[in-house]
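Enquirer: One structure coming up, written as C-alpha cells, with questions to follow.
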Amino acid sequence: MPHFTSPHLVYDHRTATFYDDWVSLATTDGRIEADYVLPDEERETPHAGYFFSDEYETTGAELHYTNGNWMLHIHCKRDVESDTSEQATTENGTVLGVDLGVNNLAVTSTGTFWTGDEFDHWRREYEKRRGELQEHGTRWAHENIQSVGRKEAGRFKHTLHRISNELVAEARENECSVIVFEDLNDIRERTGASWGHKWAFNPLYEYVEYKAAEYGIDVEQVDPENTSRRCSHCGFTHPDNRADEDFECLKCGYENHADYNAAKNIGLRYLRRNQTGDDGGAPVGVRLNSGTLNANGEYEPPADDSARAGVHAESLRL
C-alpha cells in the first residue's frame, strides 16, 4: 500500500486506475475516487494531447501534496514504430483466431478467455446511477448524468485497452504473425449482443490493430458464417452441434467450449483463404495452447514434443 515517505508518493497500475475525468487510488484506508480539476476543454493542453489521446497509455502517476493542494502527475507513454528489420515478425508464422461474444468478450484459439462479467457489472451499475439521477429532474442531476457517462466511457476504454494489450501479448508469446477476428458487420444480430457489447467490439478491434502493427503482426477479418456450428476437429457443420456455450459434434463426438471451437474455426478460415497457392511466408497453422492446426484441420504437436504426437490436449485459461 502506498505511504508518504517524502512530499510525494508513486502509484502504478496495481494501486491506481485512471479514467477520463477521475482516478481510483489505493490508500491506507481503502480505495478512494477523486475527480480531476481540469482546464477549459477548448484550450489546447497536455491533457488533450497526451492523457486523452488513444495513442498514449498511462503507466503510473505521482501524487504530490503542496500548500494544501493535491496534484496528480500522470505518466503517459506511446510506443514508437521501430524499423521493420527490428520488428518481431516471424516468417511462416501462425494465426491466432479470436471469437467475440456476449458472455465472453473474446476467446482465442490458444484457449484464453476474457469474460464479459466485469463489463456487464459496470454497465448495470452506471445504468442504475443514471436512473436514480433522472428521478430528480434537476439541472444538477442532468450535469451528473453527463459525468456518469464520461466515467462509464473511461472505465470501458481502460478495460478494452487492457484486453487489447493482452491479446497482442498472447500473439507475440505464441509467435503469431496474424490475429484474425470475425467480420464485425452485423455482429450484434449474429450474437444477440446489446448495444453496449456492439460498442465494445469495434474499439477493441481497432486497439488490437494499431498495437499489433507495432510488432509487425497483421490483423484481419474473415466471414463468420457457420464458425460456431462447424467442428474444428472434423469439419462437420450442423446447427445442433452447438447448444449455448457447449459444442459437441454430431459426427465425430468432439466436445469443447463453443466459443473456443469458433475461435479455432476463425483461424482456420483465414489459413485456408490464404494458402491456396505458393504464398511463401504465409502462416502455416492456427496456434493452439499446445501445437497447431494445419490448413486441413489436422493437429500438429509442438516440435519439441514429438513423443506426444498422438495426444491432442487442450486446456483453457480463464
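The way I read the labels, and the way they are meant: chains A, B, ... in the order of the C-alpha cells, residue 1 as the first residue of every chain, and ligand 1 as the first ligand shown, with later ones counted on from there.
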Using only C-alpha atoms, determine which residues lie at most 10 Å from Glu132 of chain A, disregarding the query and same-chain residues fewer than 5 positions distant; provide the list as a list in words.

Expert: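 In the requested format, the answer is Tyr126, Glu127, Gly137, Ala141 and Ile145 of chain A.
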
Enquirer: Within segment 54-280 of chain A, find each residue whose DSSP state, derived from the backbone, is alpha helix (DSSP H), and express the selection as a VMD selection string.

Expert: chain A and resid 117 to 134 139 to 173 187 to 191 195 to 213 258 to 273

Enquirer: Please provide as a PyMOL selection string all residues within 10 Å of Tyr270 of chain A, with the sequence filter that same-chain residues fewer than 5 positions apart are discarded (counting only C-alpha atoms).

Expert: chain A and resi 95-97+178-182+220-223+265+275+283+285-286+295

Enquirer: Could you name the residues that touch segment 166-169 of chain A at 12 Å or less, counting only C-alpha atoms, but leaving out those on the same chain fewer than 6 positions away, as number ranges by chain?

Expert: A: 88, 96-99, 105-114, 159-160, 175-181, 204-219

Enquirer: Could you write out that same residue set with C-alpha atoms as a PDB file, in the first residue's frame?

Expert:
```pdb
ATOM      1  CA  ALA A  88       9.270  -9.259 -34.133  1.00  0.00           C
ATOM      2  CA  LEU A  96      -4.302 -16.519 -33.628  1.00  0.00           C
ATOM      3  CA  GLY A  97      -8.071 -16.909 -34.061  1.00  0.00           C
ATOM      4  CA  VAL A  98     -10.336 -14.672 -31.928  1.00  0.00           C
ATOM      5  CA  ASP A  99     -14.056 -15.173 -31.336  1.00  0.00           C
ATOM      6  CA  LEU A 105     -15.953 -10.726 -24.869  1.00  0.00           C
ATOM      7  CA  ALA A 106     -13.064 -12.522 -26.547  1.00  0.00           C
ATOM      8  CA  VAL A 107     -11.774 -16.097 -26.772  1.00  0.00           C
ATOM      9  CA  THR A 108      -8.589 -17.110 -28.601  1.00  0.00           C
ATOM     10  CA  SER A 109      -7.592 -20.299 -30.367  1.00  0.00           C
ATOM     11  CA  THR A 110      -4.938 -20.709 -27.664  1.00  0.00           C
ATOM     12  CA  GLY A 111      -7.720 -21.168 -25.105  1.00  0.00           C
ATOM     13  CA  THR A 112      -7.593 -17.818 -23.319  1.00  0.00           C
ATOM     14  CA  PHE A 113     -10.907 -16.253 -22.258  1.00  0.00           C
ATOM     15  CA  TRP A 114     -11.808 -12.642 -21.455  1.00  0.00           C
ATOM     16  CA  THR A 159     -10.835  -2.200 -19.885  1.00  0.00           C
ATOM     17  CA  LEU A 160     -10.648  -2.542 -23.666  1.00  0.00           C
ATOM     18  CA  GLU A 175       4.875 -16.212 -32.374  1.00  0.00           C
ATOM     19  CA  CYS A 176       1.747 -15.462 -34.401  1.00  0.00           C
ATOM     20  CA  SER A 177       2.112 -13.301 -37.489  1.00  0.00           C
ATOM     21  CA  VAL A 178      -1.642 -12.714 -37.878  1.00  0.00           C
ATOM     22  CA  ILE A 179      -4.530 -12.092 -35.457  1.00  0.00           C
ATOM     23  CA  VAL A 180      -7.878 -12.969 -37.046  1.00  0.00           C
ATOM     24  CA  PHE A 181     -11.309 -11.739 -35.956  1.00  0.00           C
ATOM     25  CA  LEU A 204     -11.338  -3.499 -29.240  1.00  0.00           C
ATOM     26  CA  TYR A 205     -10.560  -4.451 -32.843  1.00  0.00           C
ATOM     27  CA  GLU A 206      -9.105  -1.004 -33.559  1.00  0.00           C
ATOM     28  CA  TYR A 207      -6.921  -1.064 -30.443  1.00  0.00           C
ATOM     29  CA  VAL A 208      -5.590  -4.525 -31.321  1.00  0.00           C
ATOM     30  CA  GLU A 209      -4.992  -3.446 -34.912  1.00  0.00           C
ATOM     31  CA  TYR A 210      -2.754  -0.471 -34.179  1.00  0.00           C
ATOM     32  CA  LYS A 211      -0.964  -2.101 -31.242  1.00  0.00           C
ATOM     33  CA  ALA A 212      -0.230  -5.291 -33.197  1.00  0.00           C
ATOM     34  CA  ALA A 213       1.162  -3.248 -36.103  1.00  0.00           C
ATOM     35  CA  GLU A 214       3.961  -2.033 -33.843  1.00  0.00           C
ATOM     36  CA  TYR A 215       5.240  -5.626 -33.714  1.00  0.00           C
ATOM     37  CA  GLY A 216       4.722  -6.449 -37.387  1.00  0.00           C
ATOM     38  CA  ILE A 217       1.589  -8.502 -36.682  1.00  0.00           C
ATOM     39  CA  ASP A 218      -1.296  -8.224 -39.158  1.00  0.00           C
ATOM     40  CA  VAL A 219      -4.924  -8.059 -38.001  1.00  0.00           C
TER      41      VAL A 219
END
```

Enquirer: Which neighbours of Thr17 of chain A fall inside 12 Å, counting only C-alpha atoms, when residues of the same chain fewer than 2 positions from it are skipped, and could you give them as number ranges by chain?

Expert: A: 11-15, 19-26, 31-34, 57-61, 74, 151, 154-159, 162

Enquirer: With C-alpha atoms retained, could you export that selection as a short mmCIF file (atom, residue, chain, number, x, y, z; two decimals), in the first residue's frame?

Expert:
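The result, stored in result_12.cif:
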```
data_model
loop_
_atom_site.label_atom_id
_atom_site.label_comp_id
_atom_site.auth_asym_id
_atom_site.auth_seq_id
_atom_site.Cartn_x
_atom_site.Cartn_y
_atom_site.Cartn_z
CA TYR A 11 1.42 4.91 -7.97
CA ASP A 12 1.41 2.19 -10.60
CA HIS A 13 -1.41 0.21 -12.26
CA ARG A 14 -1.78 -2.02 -9.23
CA THR A 15 -2.58 0.89 -6.93
CA TYR A 19 -10.31 7.25 -16.18
CA ASP A 20 -11.12 10.24 -18.37
CA ASP A 21 -12.15 12.58 -15.56
CA TRP A 22 -11.44 10.72 -12.33
CA VAL A 23 -9.00 8.34 -10.72
CA SER A 24 -9.28 5.47 -8.24
CA LEU A 25 -6.38 5.46 -5.77
CA ALA A 26 -5.38 2.94 -3.14
CA ARG A 31 -9.79 2.89 -2.27
CA ILE A 32 -10.92 6.47 -2.92
CA GLU A 33 -12.28 8.03 -6.12
CA ALA A 34 -11.25 11.59 -6.93
CA GLU A 57 -1.35 4.90 -22.39
CA THR A 58 -0.98 5.74 -18.72
CA THR A 59 1.83 3.90 -16.96
CA GLY A 60 1.57 5.36 -13.46
CA ALA A 61 1.48 8.59 -11.51
CA ILE A 74 0.20 11.19 -14.60
CA LYS A 151 -16.86 7.85 -16.19
CA GLY A 154 -13.45 6.00 -19.36
CA ARG A 155 -13.81 2.74 -17.47
CA PHE A 156 -14.73 0.76 -20.59
CA LYS A 157 -11.95 2.40 -22.60
CA HIS A 158 -9.45 1.36 -19.93
CA THR A 159 -10.83 -2.20 -19.88
CA ARG A 162 -6.10 -3.82 -21.16
#
```

Enquirer: Could you state the separation of atom CA of Val284 of chain A and atom CA of Thr94 of chain A in Å, given to one decimal place?

Expert: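 It comes out at 5.7 Å.
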
Enquirer: Kindly give the distance, in Å, that separates atom CA of Gly149 of chain A and atom CA of Lys77 of chain A, rounded to a single decimal.

Expert: 25.7 Å

Enquirer: Rounded to one decimal in Å, what is the spacing between atom CA of His233 of chain A and atom CA of Arg287 of chain A?

Expert: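 Between these atoms lies a distance of 14.1 Å.
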
Enquirer: As a list in words, please: every residue in segment 128-226 of chain A that a backbone DSSP assignment puts in strand (DSSP E).

Expert: Cys176, Ser177, Val178, Ile179, Val180, Phe181, Glu182, Asp218, Val219, Glu220, Gln221 and Val222 of chain A

Enquirer: Find the residues around Ser228 of chain A up to 12 Å (only C-alpha atoms counted), leave out those fewer than 6 positions away in its own chain, and share them as JSON, numbers by chain.

Expert: {"A": [99, 100, 101, 182, 190, 191, 235, 236, 237, 238, 239, 240, 241, 242, 243, 244, 245, 246, 247, 248, 249, 256, 257, 258, 259, 260, 261, 262, 263, 264, 265, 266]}

Enquirer: Go ahead and write the residues just picked, N, CA and C atoms, as a compact mmCIF listing (two decimals), in the first residue's frame.

Expert:
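Written file, out15.txt:
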```
# COMPACT_ATOMS: atom_id res chain seq x y z
N ASP A 99 -12.60 -15.20 -31.26
CA ASP A 99 -14.06 -15.17 -31.34
C ASP A 99 -14.58 -14.14 -30.34
N LEU A 100 -15.52 -13.30 -30.79
CA LEU A 100 -16.12 -12.28 -29.94
C LEU A 100 -17.54 -12.69 -29.57
N GLY A 101 -17.97 -12.35 -28.36
CA GLY A 101 -19.31 -12.75 -27.96
C GLY A 101 -19.82 -11.96 -26.78
N GLU A 182 -13.57 -12.35 -36.49
CA GLU A 182 -14.69 -12.50 -37.41
C GLU A 182 -15.08 -11.12 -37.93
N ARG A 190 -25.91 -11.32 -35.07
CA ARG A 190 -25.48 -12.72 -35.02
C ARG A 190 -25.34 -13.22 -33.60
N THR A 191 -24.82 -12.37 -32.72
CA THR A 191 -24.51 -12.82 -31.37
C THR A 191 -25.60 -12.51 -30.35
N GLY A 235 -14.62 -30.95 -39.26
CA GLY A 235 -15.18 -30.10 -40.30
C GLY A 235 -16.68 -30.25 -40.50
N PHE A 236 -17.32 -31.14 -39.77
CA PHE A 236 -18.77 -31.36 -39.95
C PHE A 236 -19.53 -30.14 -39.41
N THR A 237 -20.49 -29.66 -40.22
CA THR A 237 -21.26 -28.47 -39.85
C THR A 237 -22.73 -28.83 -39.68
N HIS A 238 -23.29 -28.46 -38.53
CA HIS A 238 -24.70 -28.75 -38.27
C HIS A 238 -25.20 -27.79 -37.18
N PRO A 239 -26.44 -27.25 -37.33
CA PRO A 239 -26.95 -26.31 -36.31
C PRO A 239 -27.00 -26.89 -34.91
N ASP A 240 -27.21 -28.20 -34.79
CA ASP A 240 -27.34 -28.82 -33.48
C ASP A 240 -26.00 -29.17 -32.84
N ASN A 241 -24.92 -28.85 -33.52
CA ASN A 241 -23.61 -29.09 -32.92
C ASN A 241 -23.41 -28.21 -31.68
N ARG A 242 -24.04 -27.03 -31.71
CA ARG A 242 -23.84 -26.06 -30.62
C ARG A 242 -25.13 -25.89 -29.82
N ALA A 243 -24.99 -25.88 -28.49
CA ALA A 243 -26.09 -25.58 -27.58
C ALA A 243 -25.57 -24.62 -26.53
N ASP A 244 -25.91 -23.34 -26.68
CA ASP A 244 -25.39 -22.29 -25.80
C ASP A 244 -23.86 -22.28 -25.83
N GLU A 245 -23.21 -22.54 -24.69
CA GLU A 245 -21.75 -22.49 -24.66
C GLU A 245 -21.11 -23.86 -24.84
N ASP A 246 -21.93 -24.88 -25.09
CA ASP A 246 -21.41 -26.24 -25.26
C ASP A 246 -21.38 -26.61 -26.74
N PHE A 247 -20.28 -27.24 -27.14
CA PHE A 247 -20.16 -27.74 -28.51
C PHE A 247 -19.89 -29.23 -28.48
N GLU A 248 -20.70 -29.99 -29.21
CA GLU A 248 -20.48 -31.42 -29.35
C GLU A 248 -20.82 -31.81 -30.79
N CYS A 249 -19.82 -32.28 -31.52
CA CYS A 249 -20.00 -32.64 -32.92
C CYS A 249 -20.88 -33.89 -33.02
N ASN A 256 -16.15 -29.46 -26.66
CA ASN A 256 -15.36 -28.39 -26.07
C ASN A 256 -16.25 -27.17 -25.88
N HIS A 257 -15.67 -26.09 -25.36
CA HIS A 257 -16.42 -24.84 -25.22
C HIS A 257 -16.72 -24.30 -26.61
N ALA A 258 -17.96 -23.87 -26.83
CA ALA A 258 -18.38 -23.45 -28.17
C ALA A 258 -17.59 -22.25 -28.69
N ASP A 259 -17.28 -21.29 -27.82
CA ASP A 259 -16.54 -20.11 -28.27
C ASP A 259 -15.10 -20.46 -28.63
N TYR A 260 -14.53 -21.41 -27.90
CA TYR A 260 -13.17 -21.86 -28.22
C TYR A 260 -13.15 -22.58 -29.57
N ASN A 261 -14.14 -23.42 -29.81
CA ASN A 261 -14.26 -24.09 -31.10
C ASN A 261 -14.39 -23.08 -32.23
N ALA A 262 -15.19 -22.02 -32.00
CA ALA A 262 -15.38 -20.98 -33.01
C ALA A 262 -14.08 -20.21 -33.27
N ALA A 263 -13.31 -19.94 -32.23
CA ALA A 263 -12.04 -19.23 -32.41
C ALA A 263 -11.09 -20.02 -33.30
N LYS A 264 -11.06 -21.33 -33.11
CA LYS A 264 -10.20 -22.17 -33.97
C LYS A 264 -10.69 -22.14 -35.41
N ASN A 265 -12.01 -22.18 -35.60
CA ASN A 265 -12.56 -22.13 -36.96
C ASN A 265 -12.28 -20.81 -37.65
N ILE A 266 -12.30 -19.71 -36.89
CA ILE A 266 -11.98 -18.40 -37.47
C ILE A 266 -10.54 -18.39 -37.96
```
